[in-house]
Amino acid sequence: MDYYRCENPDCGFVAEEEPDVCPRCGGTFFTALTEDEMTASDWVSMGNQAVDDKRETDALACYQRAAAMGDPLGLTNLGWCLEAGIGVPADRKQAVMLYAQAAEQEYMPALTNLGYCYTYGIGVEVDYDKALKCFQRGAEQGFPRAQFLLAEAYRRGSGVEEDEAEAAKWYQSAAWLGYPGAQTELGRCLEFGTGVEQDLEQAVKWYSAAAEQGNAPGMCCLGFMYESGRGVEQSWETAVEWYRRAAEKGYPRALCNLAWCYEHGQGVKRDFAEAVRLYRAAADQEYPRGQLCMGLCYERGRGVPLDKAEAADWYRKAADQGDEDGACCLGFLYETGEGVEQSWETAVEWYRKAADGGSPRGMCNLAWCYEHGEGVEEDLEASFVWYSRAAEQGDPRGLFSVARAYDYGIGAKPDMEKAAEWYQRAADAGSAPATCDLGVCYERGEGVPQSYEKAVELYRKAAEMGNAPGQCNLGFMYESGRGVEQSWEEAVKWYSAAAQQGFSRAQCNLAWCYETGSGVEGNLARAVHWYRKAAEQGEPRGMFCLGLCYKHGRGVDRDDAEAVRWYQEAAKAGYTRALCNLGVCYEFGEGVEQSLEKAVDFYRQASEKGDPAGRCNLGYMYETGRGVTQSAIEAARLYKLSAEAGYPRAMCNYGYCCESGQGVARKDPAEAAEWYRRAAEAGDATGACNLGYLYETGEGVEQSWEDAVTYYRQAAEQGQARGQYLLGWCYEHGKGVPASMEQARKLYEASAGQDYKHAAEALERLKDGPKPEHAKPEGKRAPEKRPAEKKEKKPEKGGFLKGFFGGKR
């Protein structure tokens with residue numbers, strides 16, 4: 001049989017049939033050869049052509065002829081056939097023997113292949129030392145693949161001590177010789193400063209060199225540089241171009257990156273279906289990230305029908321390959337019972353696998369389970385350990401959780417200075433909740449010097465990041481004018497932003513603004529809307545305020561029974577003021593059947609929880625003997641406790657006890673005057689009126705008609721009937737003010753309009769002319785039904801989203 005060799009000495013193409021034109025060099029002259037005239041190189045050339053034509057059996061036969069002649073390339077290629085099962089069943093031991101024979105002839109490709117077999121246990125037991133010797137010999141002879149594999153050995157520490165600088169040196173040597181894999185790895189070294197000084201522009205240069213040779217990893221890395229704008233001008237379009245070229249070669253990482261671009265519409269038009277196709281192509285190669293992303297698509301219903309069970313299957317595939325994110329996502333499905341049967345214990349198993357694999361998200365979720373005793377026995381110390389491990393990786397949630405631990409003493413000794421330090425670290429890492437909580441530290445001066453201005457700065461930063469507690473706290477700073485110029489309009493703006501996110505405290509604050517017309521046009525219906533939104537989330541204050549709206553018919557039709565229902569819900573949620581209001585409802589039979597005993601019970605519950613209104617009302621029940629055995633001493637004790645807590649009505653009532661000697665050791669007008677004064681300063685009209693009467697009579701204070709008038713006027717201006725009457729009497733008789741019958745009459749009329757008997761009698765008296773002066777003090781007032789009241793909104797600590805997963809890499 002004749003063969004035909006191209007006469008071009010630089011070509012060497014050989015064929016079994018004479019072609020018209022050489023397919024390799026384009027030559028037209030061929031030399032006929034007999035089989036005996038064929039050289040080893042001729043057989044190798046024919047074998048290579050057969051491989052290109054996918055004639056594996058013919059390729060094997062040609063390499064066997066070359067190997068029989070002792071040709072090192074023939075031996076090597078035959079070894080490759082036996083290693084990969086090309087044209088023959090794989091026999092890796094025989095492949096190693098052939099590589100060794102060729103290597104004995106100092107054939108570097110064979111020597112390198114032999115080292116590769118020792119590295120990965122192909123046909124021989126793993127032996128890093130022998131592999132290293134092979135790579136070193138090849139590298140010293142300038143063979144680029146050997147240099148590349150030697151660099152890999154130094155990078156991994158295989159058979160030699162790990163040495164990033166030495167690895168980078170050999171990558172560079174192979175890269176300069178044009179080896180594309182080495183060019184890509186040198187690019188990575190330069191990108192991350194591994195073994196060499198970081199140089200992003202040089203990294204781009206080497207990625208480009210590899211990409212231009214068709215190296216898929218190089219293309220993918222170059223794409224990421226364009227995506228991130230590192231070492232090159234940012235361009236999503238160019239990133240997509242390189243991802244696509246690498247993806248066309250089937251490179252799974254590029255398939256995933258290109259899919260992500262389609263999923264998020266970066267550099268290409270958003271196309272969920274195309275994203276799924278690409279993720280699936282990567283997943284079909286058992287690439288863990290592709291499997292993970294397929295799970296995310298099914299969990300979210302992106303490009304495929306929403307199917308949590310299918311998502312769980314994909315997460316499991318990724319997790320079974322050791323993918324930490326897959327394990328974490330699967331754990332979260334077990335936590336929520338979506339797509340799988342709910343099981344905290346199984347969730348913990350997967351979180352632990354993710355955590356053991358180094359996933360900070362897995363560490364945080366496992367820590368959360370230890371913190372709350374879900375799936376494992378509660379162990380705050382273990383929780384702190386896992387949060388700390390996540391924090392060591394710079395994870396924002398881990399950093400934030402360590403700060404919380406020091407702040408609240410969760411598994412660590414409380415230490416506000418350390419808490420503030422960790423909040424700062426978490427804030428620097430981009431944690432919005434930590435930024436908010438650091439603001440709280442500055443507002444309160446906990447662990448850092450107190451500074452409202454710094455608090456506002458941090459609240460604003462958190463608010464602009466979309467953190468609802470930060471928005472609410474910033475609103476409160478504008479409301480109170482602390483660290484910023486007071487502005488109700490700005491307060492409403494930020495309360496509204498947080499309320500729209502469903503933050504219940506902000507919803508209550510916004511409702512109050514609508515209720516009172518602060519920073520926004522008053523609108524009771526809108527107030528009820530936001531109170532209800534908060535109440536339906538279980539916000540105790542929202543429930544209580546909604547009850548008040550029903551009680552007083554503000555923004556809704558009055559409905560005492562509905563008011564009671566919401567007071568009860570608020571009380572169950574631990575809102576103490578609701579207990580007092582329930583007591584009022586039972587005392588007066590409003591929305592429930594009247595029961596003084598139940599009223600006393602609710603007042604007592606409120607009192608025991610420290611509610612000053614509840615104590616004051618309970619004191620009144622003891623004073624009057626309603627629903628309980630009468631006891632002036634117990635009444636005075638409760639009034640005093642409530643007064644000391646700053647409750648104005650109790651101050652007034654205890655002052656009366658001191659004035660009259662009721663329930664106290666002795667009468668003490670001076671102490672009475674002091675309590676009346678404190679009540680008046682707190683805005684209590686009855687306290688002001690009673691203090692005015694002491695100034696009129698000179699009991700407990702130096703007699704002064706002018707001071708009497710001052711306090712009567714305070715009471716009168718608040719619409720208090722007795723204060724109006726007594727101030728009118730002063731005008732009638734010219735006591736502390738110039739006499740004025742006109743002013744006296746106006747005040748008497750205002751008082752009489754409230755059915756105040758003495759004022760009505762005074763008006764009758766004025767018809768017949770003035771009579772001798774008289775004025776009698778009046779008893780303290782009975783328990784009040786409290787109007788809607790805004791309590792100070794204390795800064796609230798920010799929260800975190802458990803189970804958060806983000807980022808595509």
# chains A, B, ... in the order shown; residues from 1 in each chain; ligands from 1
$ residues_around --residues "Tyr179 (chain A)" --least-positions-apart "4" --cutoff "10 Å" --atoms "only C-alpha atoms" --output "compact mmCIF listing (two decimals) with all heavy atoms, in the first residue's frame"
# COMPACT_ATOMS: atom_id res chain seq x y z
N PHE A 143 9.98 23.53 29.25
CA PHE A 143 8.71 23.06 28.71
C PHE A 143 7.58 23.78 29.45
O PHE A 143 7.43 23.63 30.68
CB PHE A 143 8.60 21.54 28.88
CG PHE A 143 7.38 20.95 28.23
CD1 PHE A 143 7.17 21.11 26.86
CD2 PHE A 143 6.44 20.27 28.98
CE1 PHE A 143 6.04 20.56 26.26
CE2 PHE A 143 5.32 19.73 28.39
CZ PHE A 143 5.11 19.87 27.02
N PRO A 144 6.76 24.57 28.75
CA PRO A 144 5.78 25.44 29.43
C PRO A 144 4.73 24.70 30.26
O PRO A 144 4.36 25.15 31.34
CB PRO A 144 5.14 26.23 28.29
CG PRO A 144 5.47 25.48 27.05
CD PRO A 144 6.76 24.78 27.30
N ARG A 145 4.28 23.53 29.75
CA ARG A 145 3.24 22.83 30.54
C ARG A 145 3.83 22.33 31.85
O ARG A 145 3.17 22.35 32.88
CB ARG A 145 2.66 21.66 29.74
CG ARG A 145 1.56 20.92 30.49
CD ARG A 145 0.72 20.04 29.58
NE ARG A 145 -0.26 19.29 30.35
CZ ARG A 145 -0.18 17.99 30.61
NH1 ARG A 145 0.87 17.29 30.16
NH2 ARG A 145 -1.10 17.38 31.31
N GLN A 147 6.24 23.77 33.48
CA GLN A 147 6.35 24.96 34.32
C GLN A 147 5.00 25.31 34.94
O GLN A 147 4.92 25.67 36.13
CB GLN A 147 6.88 26.13 33.48
CG GLN A 147 8.32 25.92 33.01
CD GLN A 147 8.78 27.02 32.09
OE1 GLN A 147 7.97 27.74 31.49
NE2 GLN A 147 10.11 27.17 31.94
N PHE A 148 3.95 25.21 34.16
CA PHE A 148 2.61 25.50 34.66
C PHE A 148 2.23 24.55 35.79
O PHE A 148 1.75 24.98 36.85
CB PHE A 148 1.59 25.39 33.52
CG PHE A 148 0.16 25.45 33.96
CD1 PHE A 148 -0.42 26.65 34.35
CD2 PHE A 148 -0.62 24.29 34.01
CE1 PHE A 148 -1.75 26.70 34.76
CE2 PHE A 148 -1.94 24.33 34.41
CZ PHE A 148 -2.50 25.54 34.79
N TYR A 171 4.39 30.45 36.84
CA TYR A 171 3.29 30.85 35.95
C TYR A 171 3.80 31.86 34.93
O TYR A 171 3.48 31.79 33.73
CB TYR A 171 2.15 31.50 36.75
CG TYR A 171 1.26 30.54 37.51
CD1 TYR A 171 0.81 30.87 38.80
CD2 TYR A 171 0.82 29.35 36.95
CE1 TYR A 171 -0.03 30.02 39.51
CE2 TYR A 171 -0.01 28.48 37.65
CZ TYR A 171 -0.43 28.82 38.94
OH TYR A 171 -1.26 27.98 39.63
N GLN A 172 4.59 32.81 35.42
CA GLN A 172 5.10 33.86 34.54
C GLN A 172 6.01 33.27 33.46
O GLN A 172 5.93 33.66 32.29
CB GLN A 172 5.85 34.90 35.37
CG GLN A 172 6.30 36.10 34.57
CD GLN A 172 6.95 37.15 35.43
OE1 GLN A 172 7.81 36.84 36.25
NE2 GLN A 172 6.53 38.39 35.27
N SER A 173 6.86 32.32 33.85
CA SER A 173 7.76 31.70 32.88
C SER A 173 6.98 31.00 31.78
O SER A 173 7.26 31.17 30.59
CB SER A 173 8.68 30.72 33.60
OG SER A 173 9.58 30.12 32.68
N ALA A 174 5.96 30.22 32.19
CA ALA A 174 5.14 29.51 31.20
C ALA A 174 4.31 30.48 30.38
O ALA A 174 4.07 30.26 29.18
CB ALA A 174 4.23 28.50 31.91
N ALA A 175 3.85 31.57 31.02
CA ALA A 175 3.04 32.56 30.31
C ALA A 175 3.85 33.22 29.21
O ALA A 175 3.37 33.42 28.08
CB ALA A 175 2.51 33.60 31.29
N GLN A 183 -1.01 31.85 31.42
CA GLN A 183 -1.33 33.26 31.25
C GLN A 183 -2.56 33.64 32.10
O GLN A 183 -2.59 34.71 32.74
CB GLN A 183 -1.58 33.56 29.77
CG GLN A 183 -0.31 33.43 28.92
CD GLN A 183 -0.60 33.48 27.44
OE1 GLN A 183 -1.70 33.16 26.99
NE2 GLN A 183 0.41 33.89 26.66
N THR A 184 -3.53 32.76 32.11
CA THR A 184 -4.72 33.02 32.93
C THR A 184 -4.37 33.05 34.42
O THR A 184 -4.79 33.96 35.15
CB THR A 184 -5.80 31.94 32.68
OG1 THR A 184 -6.23 32.01 31.32
CG2 THR A 184 -6.99 32.13 33.60
N ALA A 209 -4.23 37.93 26.71
CA ALA A 209 -3.35 37.03 25.96
C ALA A 209 -3.91 35.61 25.93
O ALA A 209 -3.91 34.94 24.89
CB ALA A 209 -1.95 37.04 26.59
N ALA A 210 -4.38 35.15 27.07
CA ALA A 210 -4.96 33.81 27.14
C ALA A 210 -6.25 33.74 26.32
O ALA A 210 -6.50 32.76 25.59
CB ALA A 210 -5.25 33.44 28.59
N GLN A 213 -5.94 33.33 22.68
CA GLN A 213 -5.56 31.97 22.26
C GLN A 213 -6.73 31.00 22.42
O GLN A 213 -6.57 29.79 22.24
CB GLN A 213 -4.39 31.47 23.10
CG GLN A 213 -3.08 32.20 22.83
CD GLN A 213 -1.91 31.41 23.38
OE1 GLN A 213 -1.58 30.33 22.87
NE2 GLN A 213 -1.30 31.94 24.43
N ASN A 215 -8.47 30.48 25.29
CA ASN A 215 -8.55 29.87 26.61
C ASN A 215 -9.82 30.34 27.31
O ASN A 215 -9.98 31.54 27.61
CB ASN A 215 -7.32 30.25 27.42
CG ASN A 215 -7.32 29.66 28.81
OD1 ASN A 215 -7.71 30.31 29.76
ND2 ASN A 215 -6.89 28.41 28.93
$ residues_around --residues "region 566-583 of chain A" --least-positions-apart "5" --cutoff "6 Å" --atoms "only C-alpha atoms" --output "ChimeraX atom specification"
/A:540,543-544,547,599,602-603,606,614
$ residues_around --residues "Glu562 (chain A)" --least-positions-apart "5" --cutoff "8 Å" --atoms "only C-alpha atoms" --output "list of chain:residue names"
A:Gly547, A:Tyr550, A:Lys551, A:Gly591
$ write_last_selection --atoms "N, CA and C atoms" --output "tab-separated table (two decimals), in the first residue's frame"
chain	number	residue	atom	x	y	z
A	547	GLY	N	-57.54	51.10	69.47
A	547	GLY	CA	-58.59	51.04	70.48
A	547	GLY	C	-59.05	52.42	70.90
A	550	TYR	N	-61.35	53.91	68.27
A	550	TYR	CA	-62.72	53.36	68.38
A	550	TYR	C	-63.42	53.93	69.62
A	551	LYS	N	-62.68	54.10	70.70
A	551	LYS	CA	-63.27	54.59	71.95
A	551	LYS	C	-63.81	56.00	71.78
A	591	GLY	N	-68.51	49.16	76.63
A	591	GLY	CA	-68.08	48.10	75.74
A	591	GLY	C	-68.06	46.74	76.40
$ residues_around --residues "Gly398 (chain A)" --least-positions-apart "6" --cutoff "10 Å" --atoms "only C-alpha atoms" --output "ChimeraX atom specification"
/A:360-361,363-365,367,384,386-392,404,422,426,431
$ write_last_selection --atoms "N, CA, C and O atoms" --output "PDB file, in the first residue's frame"
ATOM      1  N   PRO A 360     -20.015  32.022  55.413  1.00  0.00           N
ATOM      2  CA  PRO A 360     -20.424  32.910  56.506  1.00  0.00           C
ATOM      3  C   PRO A 360     -21.927  32.944  56.700  1.00  0.00           C
ATOM      4  O   PRO A 360     -22.415  33.076  57.819  1.00  0.00           O
ATOM      5  N   ARG A 361     -22.681  32.813  55.604  1.00  0.00           N
ATOM      6  CA  ARG A 361     -24.140  32.773  55.743  1.00  0.00           C
ATOM      7  C   ARG A 361     -24.563  31.535  56.523  1.00  0.00           C
ATOM      8  O   ARG A 361     -25.424  31.593  57.390  1.00  0.00           O
ATOM      9  N   MET A 363     -22.729  29.974  58.689  1.00  0.00           N
ATOM     10  CA  MET A 363     -22.312  30.204  60.079  1.00  0.00           C
ATOM     11  C   MET A 363     -23.339  31.055  60.823  1.00  0.00           C
ATOM     12  O   MET A 363     -23.701  30.753  61.965  1.00  0.00           O
ATOM     13  N   CYS A 364     -23.801  32.110  60.163  1.00  0.00           N
ATOM     14  CA  CYS A 364     -24.776  32.995  60.814  1.00  0.00           C
ATOM     15  C   CYS A 364     -26.104  32.284  61.049  1.00  0.00           C
ATOM     16  O   CYS A 364     -26.714  32.451  62.107  1.00  0.00           O
ATOM     17  N   ASN A 365     -26.558  31.493  60.078  1.00  0.00           N
ATOM     18  CA  ASN A 365     -27.829  30.789  60.268  1.00  0.00           C
ATOM     19  C   ASN A 365     -27.717  29.732  61.363  1.00  0.00           C
ATOM     20  O   ASN A 365     -28.646  29.541  62.164  1.00  0.00           O
ATOM     21  N   ALA A 367     -25.634  29.931  63.868  1.00  0.00           N
ATOM     22  CA  ALA A 367     -25.559  30.717  65.104  1.00  0.00           C
ATOM     23  C   ALA A 367     -26.947  31.131  65.558  1.00  0.00           C
ATOM     24  O   ALA A 367     -27.270  31.088  66.751  1.00  0.00           O
ATOM     25  N   PHE A 384     -22.441  32.685  69.787  1.00  0.00           N
ATOM     26  CA  PHE A 384     -21.437  33.750  69.685  1.00  0.00           C
ATOM     27  C   PHE A 384     -20.208  33.267  68.915  1.00  0.00           C
ATOM     28  O   PHE A 384     -19.635  34.012  68.104  1.00  0.00           O
ATOM     29  N   TRP A 386     -20.046  31.036  66.492  1.00  0.00           N
ATOM     30  CA  TRP A 386     -20.300  30.953  65.053  1.00  0.00           C
ATOM     31  C   TRP A 386     -20.456  32.338  64.435  1.00  0.00           C
ATOM     32  O   TRP A 386     -19.986  32.570  63.314  1.00  0.00           O
ATOM     33  N   TYR A 387     -21.112  33.252  65.149  1.00  0.00           N
ATOM     34  CA  TYR A 387     -21.180  34.626  64.632  1.00  0.00           C
ATOM     35  C   TYR A 387     -19.772  35.196  64.491  1.00  0.00           C
ATOM     36  O   TYR A 387     -19.461  35.890  63.518  1.00  0.00           O
ATOM     37  N   SER A 388     -18.912  34.890  65.473  1.00  0.00           N
ATOM     38  CA  SER A 388     -17.546  35.412  65.453  1.00  0.00           C
ATOM     39  C   SER A 388     -16.764  34.852  64.266  1.00  0.00           C
ATOM     40  O   SER A 388     -15.980  35.569  63.632  1.00  0.00           O
ATOM     41  N   ARG A 389     -16.986  33.568  63.942  1.00  0.00           N
ATOM     42  CA  ARG A 389     -16.285  32.983  62.798  1.00  0.00           C
ATOM     43  C   ARG A 389     -16.710  33.651  61.497  1.00  0.00           C
ATOM     44  O   ARG A 389     -15.883  33.879  60.604  1.00  0.00           O
ATOM     45  N   ALA A 390     -17.996  33.958  61.395  1.00  0.00           N
ATOM     46  CA  ALA A 390     -18.464  34.678  60.203  1.00  0.00           C
ATOM     47  C   ALA A 390     -17.868  36.074  60.168  1.00  0.00           C
ATOM     48  O   ALA A 390     -17.463  36.577  59.106  1.00  0.00           O
ATOM     49  N   ALA A 391     -17.782  36.699  61.336  1.00  0.00           N
ATOM     50  CA  ALA A 391     -17.226  38.050  61.426  1.00  0.00           C
ATOM     51  C   ALA A 391     -15.758  38.066  61.022  1.00  0.00           C
ATOM     52  O   ALA A 391     -15.284  39.031  60.408  1.00  0.00           O
ATOM     53  N   GLU A 392     -15.037  37.013  61.352  1.00  0.00           N
ATOM     54  CA  GLU A 392     -13.614  36.937  60.999  1.00  0.00           C
ATOM     55  C   GLU A 392     -13.403  36.981  59.493  1.00  0.00           C
ATOM     56  O   GLU A 392     -12.324  37.349  59.022  1.00  0.00           O
ATOM     57  N   ARG A 404     -24.218  42.942  68.389  1.00  0.00           N
ATOM     58  CA  ARG A 404     -25.445  42.728  69.169  1.00  0.00           C
ATOM     59  C   ARG A 404     -25.150  41.913  70.426  1.00  0.00           C
ATOM     60  O   ARG A 404     -25.718  42.170  71.492  1.00  0.00           O
ATOM     61  N   TRP A 422     -17.692  46.983  67.175  1.00  0.00           N
ATOM     62  CA  TRP A 422     -18.151  45.992  66.194  1.00  0.00           C
ATOM     63  C   TRP A 422     -19.241  46.562  65.295  1.00  0.00           C
ATOM     64  O   TRP A 422     -19.308  46.218  64.099  1.00  0.00           O
ATOM     65  N   ALA A 426     -19.021  46.571  61.300  1.00  0.00           N
ATOM     66  CA  ALA A 426     -20.109  46.071  60.458  1.00  0.00           C
ATOM     67  C   ALA A 426     -20.620  47.170  59.530  1.00  0.00           C
ATOM     68  O   ALA A 426     -20.926  46.917  58.357  1.00  0.00           O
ATOM     69  N   SER A 431     -23.175  47.106  56.412  1.00  0.00           N
ATOM     70  CA  SER A 431     -24.384  46.646  57.088  1.00  0.00           C
ATOM     71  C   SER A 431     -25.257  47.839  57.474  1.00  0.00           C
ATOM     72  O   SER A 431     -24.878  48.661  58.313  1.00  0.00           O
TER      73      SER A 431
END
$ residues_around --residues "Glu201 (chain A)" --least-positions-apart "6" --cutoff "8 Å" --atoms "only C-alpha atoms" --output "list in words"
Arg230, Gly231 and Val232 of chain A
$ residues_around --residues "Asn467 (chain A)" --least-positions-apart "5" --cutoff "9 Å" --atoms "only C-alpha atoms" --output "list in words"
Ala432, Pro433, Cys436, Tyr459, Lys461, Ala462, Cys472, Ala498, Gly798 and Gly799 of chain A
$ closest_residue --among "A:Pro305, A:Gly195, A:Gly447, A:Gly439" --to "Pro469 (chain A)" --atoms "only C-alpha atoms"
A:Gly439
$ residues_around --residues "region 111-127 of chain A" --least-positions-apart "4" --cutoff "9 Å" --atoms "only C-alpha atoms" --output "ChimeraX atom specification"
/A:76,80,83,91-97,99-100,102-104,106-107,131-135,137-138,143,145-146,149,153,158-159
$ closest_residue --among "A:Cys256, A:Ala182, A:Ala468, A:Cys441" --to "Ala283 (chain A)" --atoms "only C-alpha atoms"
A:Cys256
$ atom_distance --atom1 "CA of Gly267 (chain A)" --atom2 "CA of Leu255 (chain A)"
14.7 Å
$ atom_distance --atom1 "CA of Pro23 (chain A)" --atom2 "CA of Glu56 (chain A)"
19.9 Å
$ closest_residue --among "A:Ala275, A:Ala721, A:Ala527, A:Leu150" --to "Gln754 (chain A)" --atoms "only C-alpha atoms"
A:Ala721
$ select_by_dssp --residues "region 399-646 of chain A" --states "alpha helix (DSSP H)" --output "number ranges by chain"
A: 399-408, 416-428, 432-444, 452-464, 468-480, 488-500, 504-516, 524-536, 540-552, 560-572, 576-588, 596-608, 612-624, 632-644
$ atom_distance --atom1 "CA of Ala427 (chain A)" --atom2 "CA of Val492 (chain A)"
25.7 Å
